[in-house]
>>> print(open('coords24.cif').read())   # mmCIF, C-alpha atoms and all ligand atoms
data_model
loop_
_atom_site.group_PDB
_atom_site.id
_atom_site.type_symbol
_atom_site.label_atom_id
_atom_site.label_comp_id
_atom_site.auth_asym_id
_atom_site.auth_seq_id
_atom_site.Cartn_x
_atom_site.Cartn_y
_atom_site.Cartn_z
ATOM 1 C CA MET A 1 24.712 74.557 -0.912
ATOM 2 C CA ALA A 2 22.923 74.745 -4.230
ATOM 3 C CA VAL A 3 23.738 71.854 -6.546
ATOM 4 C CA VAL A 4 23.414 72.534 -10.263
ATOM 5 C CA GLU A 5 22.380 69.535 -12.348
ATOM 6 C CA SER A 6 22.048 69.273 -16.094
ATOM 7 C CA GLU A 7 19.270 67.846 -18.173
ATOM 8 C CA ALA A 8 20.562 67.944 -21.731
ATOM 9 C CA GLY A 9 18.705 66.801 -24.822
ATOM 10 C CA PRO A 10 20.321 64.055 -26.991
ATOM 11 C CA SER A 11 21.446 66.468 -29.710
ATOM 12 C CA VAL A 12 23.377 68.691 -27.325
ATOM 13 C CA GLU A 13 27.114 68.128 -27.530
ATOM 14 C CA LYS A 14 28.756 67.112 -24.270
ATOM 15 C CA ASP A 15 31.247 69.987 -24.407
ATOM 16 C CA GLY A 16 28.479 72.556 -24.890
ATOM 17 C CA ALA A 17 26.486 71.186 -21.952
ATOM 18 C CA TYR A 18 29.611 71.181 -19.807
ATOM 19 C CA ILE A 19 30.318 74.853 -20.529
ATOM 20 C CA ILE A 20 26.740 75.811 -19.611
ATOM 21 C CA ILE A 21 26.730 73.829 -16.353
ATOM 22 C CA ARG A 22 30.103 75.211 -15.362
ATOM 23 C CA ALA A 23 28.897 78.778 -15.922
ATOM 24 C CA ALA A 24 25.677 78.077 -13.966
ATOM 25 C CA THR A 25 27.570 76.516 -11.052
ATOM 26 C CA HIS A 26 29.981 79.424 -10.924
ATOM 27 C CA ALA A 27 27.129 81.986 -10.952
ATOM 28 C CA ALA A 28 25.145 80.056 -8.302
ATOM 29 C CA GLN A 29 28.138 79.878 -5.944
ATOM 30 C CA ARG A 30 28.729 83.610 -6.148
ATOM 31 C CA ILE A 31 25.065 84.542 -5.733
ATOM 32 C CA GLU A 32 24.669 82.089 -2.879
ATOM 33 C CA ALA A 33 27.272 83.915 -0.836
ATOM 34 C CA SER A 34 24.687 86.617 -0.134
ATOM 35 C CA HIS A 35 21.277 85.228 -1.185
ATOM 36 C CA PRO A 36 19.306 82.085 -0.356
ATOM 37 C CA LEU A 37 19.015 79.693 -3.296
ATOM 38 C CA PRO A 38 17.144 76.416 -3.831
ATOM 39 C CA THR A 39 19.243 73.407 -2.852
ATOM 40 C CA ARG A 40 18.867 71.894 -6.316
ATOM 41 C CA ILE A 41 18.830 73.863 -9.573
ATOM 42 C CA ILE A 42 18.226 71.986 -12.820
ATOM 43 C CA VAL A 43 19.503 73.450 -16.056
ATOM 44 C CA LYS A 44 17.616 71.932 -18.957
ATOM 45 C CA ILE A 45 19.428 72.467 -22.256
ATOM 46 C CA THR A 46 17.141 72.238 -25.225
ATOM 47 C CA THR A 47 17.685 72.537 -28.959
ATOM 48 C CA ARG A 48 14.070 73.439 -29.655
ATOM 49 C CA PRO A 49 13.556 77.156 -30.330
ATOM 50 C CA GLN A 50 12.299 78.990 -27.248
ATOM 51 C CA ARG A 51 10.342 82.186 -26.814
ATOM 52 C CA SER A 52 13.508 83.613 -25.351
ATOM 53 C CA ASP A 53 17.095 82.528 -24.726
ATOM 54 C CA ALA A 54 16.088 81.122 -21.368
ATOM 55 C CA HIS A 55 13.159 80.901 -18.983
ATOM 56 C CA ILE A 56 12.489 79.500 -15.527
ATOM 57 C CA SER A 57 10.025 77.088 -14.038
ATOM 58 C CA TYR A 58 9.733 77.852 -10.322
ATOM 59 C CA SER A 59 7.770 74.716 -9.470
ATOM 60 C CA ASN A 60 10.920 72.608 -9.825
ATOM 61 C CA TRP A 61 13.604 75.349 -9.915
ATOM 62 C CA LYS A 62 14.429 74.585 -13.500
ATOM 63 C CA ILE A 63 16.152 76.903 -15.971
ATOM 64 C CA VAL A 64 15.393 76.011 -19.589
ATOM 65 C CA ILE A 65 18.079 77.352 -21.862
ATOM 66 C CA ASP A 66 18.133 77.319 -25.649
ATOM 67 C CA TYR A 67 21.389 75.808 -26.835
ATOM 68 C CA ASN A 68 21.100 77.126 -30.394
ATOM 69 C CA SER A 69 20.513 80.705 -29.437
ATOM 70 C CA MET A 70 23.782 80.683 -27.550
ATOM 71 C CA ASN A 71 25.624 79.757 -30.783
ATOM 72 C CA ILE A 72 27.637 77.104 -29.004
ATOM 73 C CA GLN A 73 27.641 74.785 -32.006
ATOM 74 C CA LYS A 74 29.116 77.453 -34.220
ATOM 75 C CA GLY A 75 31.957 77.976 -31.785
ATOM 76 C CA LEU A 76 30.741 81.492 -31.071
ATOM 77 C CA ILE A 77 30.160 80.803 -27.403
ATOM 78 C CA ASP A 78 31.051 83.672 -25.214
ATOM 79 C CA GLN A 79 31.715 82.439 -21.697
ATOM 80 C CA LYS A 80 31.150 85.865 -20.188
ATOM 81 C CA ALA A 81 27.763 86.367 -21.887
ATOM 82 C CA LEU A 82 26.674 82.900 -20.826
ATOM 83 C CA GLU A 83 27.571 83.674 -17.226
ATOM 84 C CA GLY A 84 25.531 86.884 -17.468
ATOM 85 C CA LEU A 85 22.501 85.022 -18.767
ATOM 86 C CA LEU A 86 22.684 82.265 -16.149
ATOM 87 C CA ALA A 87 23.388 84.673 -13.292
ATOM 88 C CA HIS A 88 20.292 86.632 -14.386
ATOM 89 C CA GLU A 89 18.096 83.517 -14.253
ATOM 90 C CA ILE A 90 19.562 82.358 -10.924
ATOM 91 C CA MET A 91 19.045 85.833 -9.422
ATOM 92 C CA HIS A 92 15.355 85.524 -10.407
ATOM 93 C CA MET A 93 15.287 82.400 -8.218
ATOM 94 C CA ALA A 94 17.001 84.245 -5.356
ATOM 95 C CA GLN A 95 14.438 87.074 -5.583
ATOM 96 C CA LYS A 96 11.596 84.557 -5.674
ATOM 97 C CA LEU A 97 12.928 83.126 -2.402
ATOM 98 C CA ASP A 98 13.630 86.452 -0.667
ATOM 99 C CA GLY A 99 10.161 87.855 -1.444
ATOM 100 C CA THR A 100 11.185 90.617 -3.896
ATOM 101 C CA GLU A 101 9.285 89.020 -6.751
ATOM 102 C CA ASP A 102 6.115 88.460 -4.693
ATOM 103 C CA LYS A 103 6.223 92.085 -3.615
ATOM 104 C CA ILE A 104 6.327 93.219 -7.273
ATOM 105 C CA ILE A 105 3.412 90.915 -8.166
ATOM 106 C CA GLN A 106 1.443 92.265 -5.198
ATOM 107 C CA LEU A 107 2.024 95.904 -6.236
ATOM 108 C CA PHE A 108 0.970 95.122 -9.823
ATOM 109 C CA SER A 109 -2.182 93.288 -8.810
ATOM 110 C CA ARG A 110 -3.209 96.158 -6.526
ATOM 111 C CA GLU A 111 -2.708 98.546 -9.428
ATOM 112 C CA PHE A 112 -4.649 96.223 -11.743
ATOM 113 C CA LYS A 113 -7.642 96.165 -9.387
ATOM 114 C CA ALA A 114 -7.520 99.878 -8.592
ATOM 115 C CA ARG A 115 -7.660 100.727 -12.302
ATOM 116 C CA GLY A 116 -10.534 98.317 -12.885
ATOM 117 C CA PHE A 117 -8.682 96.519 -15.664
ATOM 118 C CA GLY A 118 -10.335 93.575 -17.367
ATOM 119 C CA LYS A 119 -8.912 90.385 -18.813
ATOM 120 C CA GLU A 120 -7.671 92.122 -21.977
ATOM 121 C CA MET A 121 -5.063 94.010 -19.933
ATOM 122 C CA LEU A 122 -3.813 90.979 -18.056
ATOM 123 C CA SER A 123 -1.132 89.809 -20.500
ATOM 124 C CA MET A 124 0.220 93.332 -20.889
ATOM 125 C CA MET A 125 0.413 93.705 -17.094
ATOM 126 C CA VAL A 126 2.273 90.396 -16.851
ATOM 127 C CA GLU A 127 4.797 91.656 -19.436
ATOM 128 C CA LEU A 128 5.237 94.952 -17.589
ATOM 129 C CA GLY A 129 5.676 93.016 -14.351
ATOM 130 C CA MET A 130 8.527 91.112 -16.022
ATOM 131 C CA VAL A 131 10.142 94.414 -16.970
ATOM 132 C CA VAL A 132 10.154 95.598 -13.346
ATOM 133 C CA LYS A 133 11.338 92.189 -12.084
ATOM 134 C CA ASP A 134 14.252 92.359 -14.545
ATOM 135 C CA VAL A 135 15.229 95.806 -13.282
ATOM 136 C CA PHE A 136 15.480 94.531 -9.695
ATOM 137 C CA VAL A 137 17.306 91.358 -10.761
ATOM 138 C CA ASN A 138 19.842 93.389 -12.764
ATOM 139 C CA ASP A 139 20.260 95.912 -9.934
ATOM 140 C CA ALA A 140 21.229 93.071 -7.595
ATOM 141 C CA LEU A 141 23.552 91.495 -10.167
ATOM 142 C CA ILE A 142 25.449 94.726 -10.772
ATOM 143 C CA GLN A 143 25.745 95.273 -7.017
ATOM 144 C CA GLU A 144 27.138 91.730 -6.693
ATOM 145 C CA GLY A 145 29.843 92.287 -9.315
ATOM 146 C CA PHE A 146 28.196 90.683 -12.364
ATOM 147 C CA GLY A 147 28.132 93.966 -14.309
ATOM 148 C CA ASP A 148 30.645 92.941 -17.000
ATOM 149 C CA ALA A 149 28.973 89.578 -17.628
ATOM 150 C CA LEU A 150 25.528 91.173 -17.771
ATOM 151 C CA PHE A 151 26.774 93.823 -20.176
ATOM 152 C CA ARG A 152 28.227 91.176 -22.513
ATOM 153 C CA HIS A 153 25.005 89.144 -22.312
ATOM 154 C CA TYR A 154 22.862 92.109 -23.345
ATOM 155 C CA GLN A 155 25.171 93.090 -26.192
ATOM 156 C CA ILE A 156 24.506 89.676 -27.737
ATOM 157 C CA VAL A 157 20.793 89.540 -26.887
ATOM 158 C CA ILE A 158 20.060 92.946 -28.360
ATOM 159 C CA GLN A 159 21.921 92.276 -31.593
ATOM 160 C CA SER A 160 19.894 89.139 -32.179
ATOM 161 C CA ARG A 161 16.573 90.643 -31.122
ATOM 162 C CA LEU A 162 16.785 93.798 -33.195
ATOM 163 C CA LYS A 163 17.287 91.699 -36.311
ATOM 164 C CA HIS A 164 13.586 90.903 -36.141
ATOM 165 C CA MET A 165 12.486 94.500 -35.754
ATOM 166 C CA GLY A 166 13.974 96.248 -38.747
ATOM 167 C CA LEU A 167 11.153 98.051 -40.594
ATOM 168 C CA PRO A 168 10.880 101.847 -40.745
ATOM 169 C CA PHE A 169 8.041 103.212 -38.630
ATOM 170 C CA GLU A 170 5.845 104.240 -41.612
ATOM 171 C CA GLU A 171 5.858 100.673 -42.906
ATOM 172 C CA LEU A 172 4.654 99.116 -39.663
ATOM 173 C CA SER A 173 1.038 98.034 -39.222
ATOM 174 C CA GLY A 174 -0.872 99.206 -36.126
ATOM 175 C CA LYS A 175 -0.443 95.762 -34.577
ATOM 176 C CA GLN A 176 3.300 95.754 -35.280
ATOM 177 C CA ILE A 177 3.677 99.215 -33.781
ATOM 178 C CA LYS A 178 2.150 98.012 -30.512
ATOM 179 C CA SER A 179 4.179 94.812 -30.373
ATOM 180 C CA ASP A 180 7.417 96.638 -31.275
ATOM 181 C CA PHE A 181 6.599 99.154 -28.562
ATOM 182 C CA LEU A 182 6.178 96.448 -25.909
ATOM 183 C CA ALA A 183 9.331 94.695 -27.144
ATOM 184 C CA LEU A 184 11.180 97.972 -26.808
ATOM 185 C CA VAL A 185 9.954 98.541 -23.238
ATOM 186 C CA GLY A 186 11.054 94.939 -22.564
ATOM 187 C CA LEU A 187 14.603 95.963 -23.521
ATOM 188 C CA PHE A 188 14.738 98.929 -21.125
ATOM 189 C CA PRO A 189 15.948 96.801 -18.166
ATOM 190 C CA SER A 190 19.029 95.884 -20.223
ATOM 191 C CA TYR A 191 20.437 99.351 -19.568
ATOM 192 C CA ALA A 192 18.279 100.886 -16.804
ATOM 193 C CA SER A 193 20.099 99.056 -14.004
ATOM 194 C CA PHE A 194 23.509 100.294 -15.181
ATOM 195 C CA TYR A 195 22.267 103.875 -14.835
ATOM 196 C CA ARG A 196 20.605 103.072 -11.504
ATOM 197 C CA ASN A 197 23.875 101.722 -10.114
ATOM 198 C CA GLY A 198 26.402 104.322 -11.219
ATOM 199 C CA LYS A 199 27.590 102.509 -14.386
ATOM 200 C CA ARG A 200 26.509 105.225 -16.763
ATOM 201 C CA GLN A 201 28.961 104.428 -19.547
ATOM 202 C CA LYS A 202 27.837 100.808 -19.861
ATOM 203 C CA GLY A 203 24.214 101.970 -19.746
ATOM 204 C CA GLU A 204 24.813 104.430 -22.559
ATOM 205 C CA LEU A 205 26.543 101.842 -24.739
ATOM 206 C CA ILE A 206 23.654 99.386 -24.437
ATOM 207 C CA LYS A 207 21.093 102.122 -24.887
ATOM 208 C CA SER A 208 22.792 103.355 -28.069
ATOM 209 C CA MET A 209 22.393 99.879 -29.582
ATOM 210 C CA ILE A 210 18.655 100.075 -29.022
ATOM 211 C CA SER A 211 17.869 103.687 -29.794
ATOM 212 C CA TRP A 212 19.295 103.886 -33.320
ATOM 213 C CA HIS A 213 16.520 101.523 -34.301
ATOM 214 C CA PHE A 214 13.783 103.708 -32.927
ATOM 215 C CA SER A 215 15.118 107.047 -34.043
ATOM 216 C CA ASP A 216 12.444 107.152 -36.719
ATOM 217 C CA PHE A 217 9.618 107.048 -34.175
ATOM 218 C CA PRO A 218 7.528 110.256 -34.384
ATOM 219 C CA GLU A 219 8.618 112.986 -31.983
ATOM 220 C CA GLU A 220 5.513 112.764 -29.781
ATOM 221 C CA ILE A 221 6.157 109.038 -29.208
ATOM 222 C CA SER A 222 9.854 109.551 -28.485
ATOM 223 C CA THR A 223 8.873 112.034 -25.793
ATOM 224 C CA LEU A 224 6.537 109.535 -24.163
ATOM 225 C CA LEU A 225 9.206 106.812 -24.383
ATOM 226 C CA LYS A 226 11.543 109.072 -22.429
ATOM 227 C CA GLY A 227 8.857 109.359 -19.753
ATOM 228 C CA ILE A 228 8.614 105.567 -19.506
ATOM 229 C CA GLU A 229 12.387 105.321 -19.261
ATOM 230 C CA ALA A 230 12.519 107.964 -16.515
ATOM 231 C CA SER A 231 9.837 106.167 -14.481
ATOM 232 C CA LEU A 232 11.830 102.935 -14.743
ATOM 233 C CA LEU A 233 15.090 104.610 -13.758
ATOM 234 C CA ALA A 234 13.328 105.835 -10.618
ATOM 235 C CA VAL A 235 11.152 102.787 -9.903
ATOM 236 C CA SER A 236 11.113 101.492 -6.332
ATOM 237 C CA LEU A 237 9.220 98.725 -4.575
ATOM 238 C CA THR A 238 6.361 101.071 -3.689
ATOM 239 C CA GLN A 239 2.839 101.576 -5.021
ATOM 240 C CA GLU A 240 3.753 105.084 -6.224
ATOM 241 C CA GLY A 241 6.720 103.765 -8.202
ATOM 242 C CA ILE A 242 4.692 101.056 -9.957
ATOM 243 C CA HIS A 243 1.768 103.444 -10.478
ATOM 244 C CA ALA A 244 4.008 105.999 -12.220
ATOM 245 C CA PHE A 245 5.539 103.366 -14.503
ATOM 246 C CA ILE A 246 2.160 101.907 -15.562
ATOM 247 C CA SER A 247 0.732 105.408 -16.133
ATOM 248 C CA GLU A 248 3.616 106.330 -18.451
ATOM 249 C CA VAL A 249 3.306 103.084 -20.433
ATOM 250 C CA LEU A 250 -0.476 103.438 -20.828
ATOM 251 C CA GLY A 251 -0.143 107.055 -21.944
ATOM 252 C CA CYS A 252 2.170 106.013 -24.753
ATOM 253 C CA TYR A 253 0.139 102.930 -25.605
ATOM 254 C CA SER A 254 -3.072 104.886 -26.086
ATOM 255 C CA LEU A 255 -1.326 107.354 -28.406
ATOM 256 C CA LEU A 256 0.074 104.427 -30.405
ATOM 257 C CA SER A 257 -3.467 103.086 -30.781
ATOM 258 C CA SER A 258 -4.318 106.184 -32.811
ATOM 259 C CA TYR A 259 -1.723 105.420 -35.512
HETATM 260 ZN ZN ZN B 1 14.559 88.126 -16.473
#
>>> encode(input="coords24.cif", output="structure tokens")
Amino acid sequence: MAVVESEAGPSVEKDGAYIIIRAATHAAQRIEASHPLPTRIIVKITTRPQRSDAHISYSNWKIVIDYNSMNIQKGLIDQKALEGLLAHEIMHMAQKLDGTEDKIIQLFSREFKARGFGKEMLSMMVELGMVVKDVFVNDALIQEGFGDALFRHYQIVIQSRLKHMGLPFEELSGKQIKSDFLALVGLFPSYASFYRNGKRQKGELIKSMISWHFSDFPEEISTLLKGIEASLLAVSLTQEGIHAFISEVLGCYSLLSSY
């Protein structure tokens, strides 16, 4: 049985840490019923700003979670959203152990070599790999009954993330356009899995939160974005699936480079 242990920084309130560990333990127990998990999962609660709300270190099965981003101190903690976030991270661990993640990495590296990409494409490929990993993690979570928690988690994540991406398209620099584009593709898994698993209404609600922001993208880019979305809705653990997704992203990316 997986044991969830906490590693909280000194400025984290005991109550806040307790809520996080309880949510993690609950998520781990449910996931463990059908997936192998590490015997010991450490949840490190930090008050230093992170790149994201949470990330994982696989070398010691540690989830690092940002206490501030969860708004626990302000009393805005949403138990359901927290469970969605932690279940997502724990499912990443389960898919590391069952080989799903390695399979995705293998398909991406084959594609990387076949296209003759150099170093400059590596970080973008890693980001796209994360997008596909998130789709498979969220698929599994919805199939395991975490759909409501995941939905609540993404409602909160997207609200906070879009705050940083508020400029009209014409005012964006070329560099901003590309980084906003990749950030947008990074948000696709938040709704793709709902569509992929027959939860269309939830998918549409999340998608509507994202798309209002990008409605001012030029028509030709919107069309290419729809192509990326379609390839992700259909993506499977096959070379063809990954190939189609990367092709769609690169097509859009090269058009963006001309702005
Ligand atoms: Zn993830």
>>> residues_near_ligand(input="coords24.cif", ligand="ligand ZN 1 (chain B)", cutoff="7 Å", atoms="only C-alpha atoms and all ligand atoms", output="list in words")
His88, Glu89, His92, Met130, Lys133 and Asp134 of chain A
>>> closest_residue(input="coords24.cif", among="A:Ala192, A:Cys252, A:Ile41, A:Met93", to="Leu205 in chain A", atoms="all atoms listed in the file")
A:Ala192
>>> residues_around(input="coords24.cif", residues="Pro10 in chain A", least_positions_apart="6", cutoff="10 Å", atoms="only C-alpha atoms", output="JSON, numbers by chain")
{"A": [45, 46, 47]}
>>> closest_residue(input="coords24.cif", among="A:Val131, A:Thr39, A:Leu255, A:His243", to="Arg115 in chain A", atoms="only C-alpha atoms")
A:His243
>>> residues_around(input="coords24.cif", residues="range 24-29 of chain A", least_positions_apart="4", cutoff="10 Å", atoms="all atoms listed in the file", output="number ranges by chain")
A: 1-6, 18-20, 33-35, 37-38, 41-43, 63, 82-91, 94, 146
>>> axis_aligned_box(input="coords24.cif", around="range 231-236 of chain A", padding_each_side="8 Å", output="AutoDock Vina command-line options")
--center_x 12.5 --center_y 103.8 --center_z -10.5 --size_x 21.3 --size_y 20.7 --size_z 24.4
>>> closest_residue(input="coords24.cif", among="A:Tyr195, A:Asp66, A:Arg200, A:Gln143", to="Ala234 in chain A", atoms="all atoms listed in the file")
A:Tyr195
>>> residues_around(input="coords24.cif", residues="Glu229 in chain A", least_positions_apart="4", cutoff="9 Å", atoms="all atoms listed in the file", output="list in words")
Val185, Phe188, Ala192, Leu224, Leu225, Leu233, Ala234, Phe245 and Glu248 of chain A
>>> write_last_selection(input="coords24.cif", atoms="C-alpha atoms", output="CSV table (one decimal), keeping the file's coordinate frame")
chain,number,residue,atom,x,y,z
A,185,VAL,CA,10.0,98.5,-23.2
A,188,PHE,CA,14.7,98.9,-21.1
A,192,ALA,CA,18.3,100.9,-16.8
A,224,LEU,CA,6.5,109.5,-24.2
A,225,LEU,CA,9.2,106.8,-24.4
A,233,LEU,CA,15.1,104.6,-13.8
A,234,ALA,CA,13.3,105.8,-10.6
A,245,PHE,CA,5.5,103.4,-14.5
A,248,GLU,CA,3.6,106.3,-18.5
>>> closest_residue(input="coords24.cif", among="A:Leu122, A:Glu32, A:Ile242, A:Leu256", to="Gln176 in chain A", atoms="all atoms listed in the file")
A:Leu256
>>> atom_distance(input="coords24.cif", atom1="CA of Met121 in chain A", atom2="CA of Glu220 in chain A")
23.7 Å
>>> closest_residue(input="coords24.cif", among="A:Ser123, A:Thr238, A:Gln79, A:Ser59", to="Gly16 in chain A", atoms="all atoms listed in the file")
A:Gln79
>>> closest_residue(input="coords24.cif", among="A:Ala54, A:Pro218, A:Val235, A:Ser190", to="Leu141 in chain A", atoms="only C-alpha atoms")
A:Ser190
>>> resolve_selection(input="coords24.cif", expression="the PyMOL selection byres (((chain A and resi 151-159) around 7) and not hetatm)", output="MDAnalysis selection string")
chainID A and resid 80:82 84:85 147:150 160:163 190 206
>>> write_last_selection(input="coords24.cif", atoms="C-alpha atoms", output="PDB file, in the coordinates of the input")
ATOM      1  CA  LYS A  80      31.150  85.865 -20.188  1.00  0.00           C
ATOM      2  CA  ALA A  81      27.763  86.367 -21.887  1.00  0.00           C
ATOM      3  CA  LEU A  82      26.674  82.900 -20.826  1.00  0.00           C
ATOM      4  CA  GLY A  84      25.531  86.884 -17.468  1.00  0.00           C
ATOM      5  CA  LEU A  85      22.501  85.022 -18.767  1.00  0.00           C
ATOM      6  CA  GLY A 147      28.132  93.966 -14.309  1.00  0.00           C
ATOM      7  CA  ASP A 148      30.645  92.941 -17.000  1.00  0.00           C
ATOM      8  CA  ALA A 149      28.973  89.578 -17.628  1.00  0.00           C
ATOM      9  CA  LEU A 150      25.528  91.173 -17.771  1.00  0.00           C
ATOM     10  CA  SER A 160      19.894  89.139 -32.179  1.00  0.00           C
ATOM     11  CA  ARG A 161      16.573  90.643 -31.122  1.00  0.00           C
ATOM     12  CA  LEU A 162      16.785  93.798 -33.195  1.00  0.00           C
ATOM     13  CA  LYS A 163      17.287  91.699 -36.311  1.00  0.00           C
ATOM     14  CA  SER A 190      19.029  95.884 -20.223  1.00  0.00           C
ATOM     15  CA  ILE A 206      23.654  99.386 -24.437  1.00  0.00           C
TER      16      ILE A 206
END
>>> resolve_selection(input="coords24.cif", expression="the PyMOL selection byres (((chain A and resi 112) around 12) and not hetatm)", output="list in words")
Ile105, Gln106, Leu107, Phe108, Ser109, Arg110, Glu111, Lys113, Ala114, Arg115, Gly116, Phe117, Gly118, Lys119, Glu120, Met121, Leu122, Ser123, Met124, Met125, Val126, Leu128, Gly129, Gln239, Ile242, His243, Ile246 and Ser247 of chain A
>>> atom_distance(input="coords24.cif", atom1="CA of Arg30 in chain A", atom2="CA of Tyr58 in chain A")
20.3 Å
>>> atom_distance(input="coords24.cif", atom1="CA of Asn197 in chain A", atom2="CA of Gly251 in chain A")
27.3 Å
>>> resolve_selection(input="coords24.cif", expression="the PyMOL selection byres (((chain A and resi 179) around 12) and not hetatm)", output="ChimeraX atom specification")
/A:124,127,164-165,172-178,180-186,253,256-257
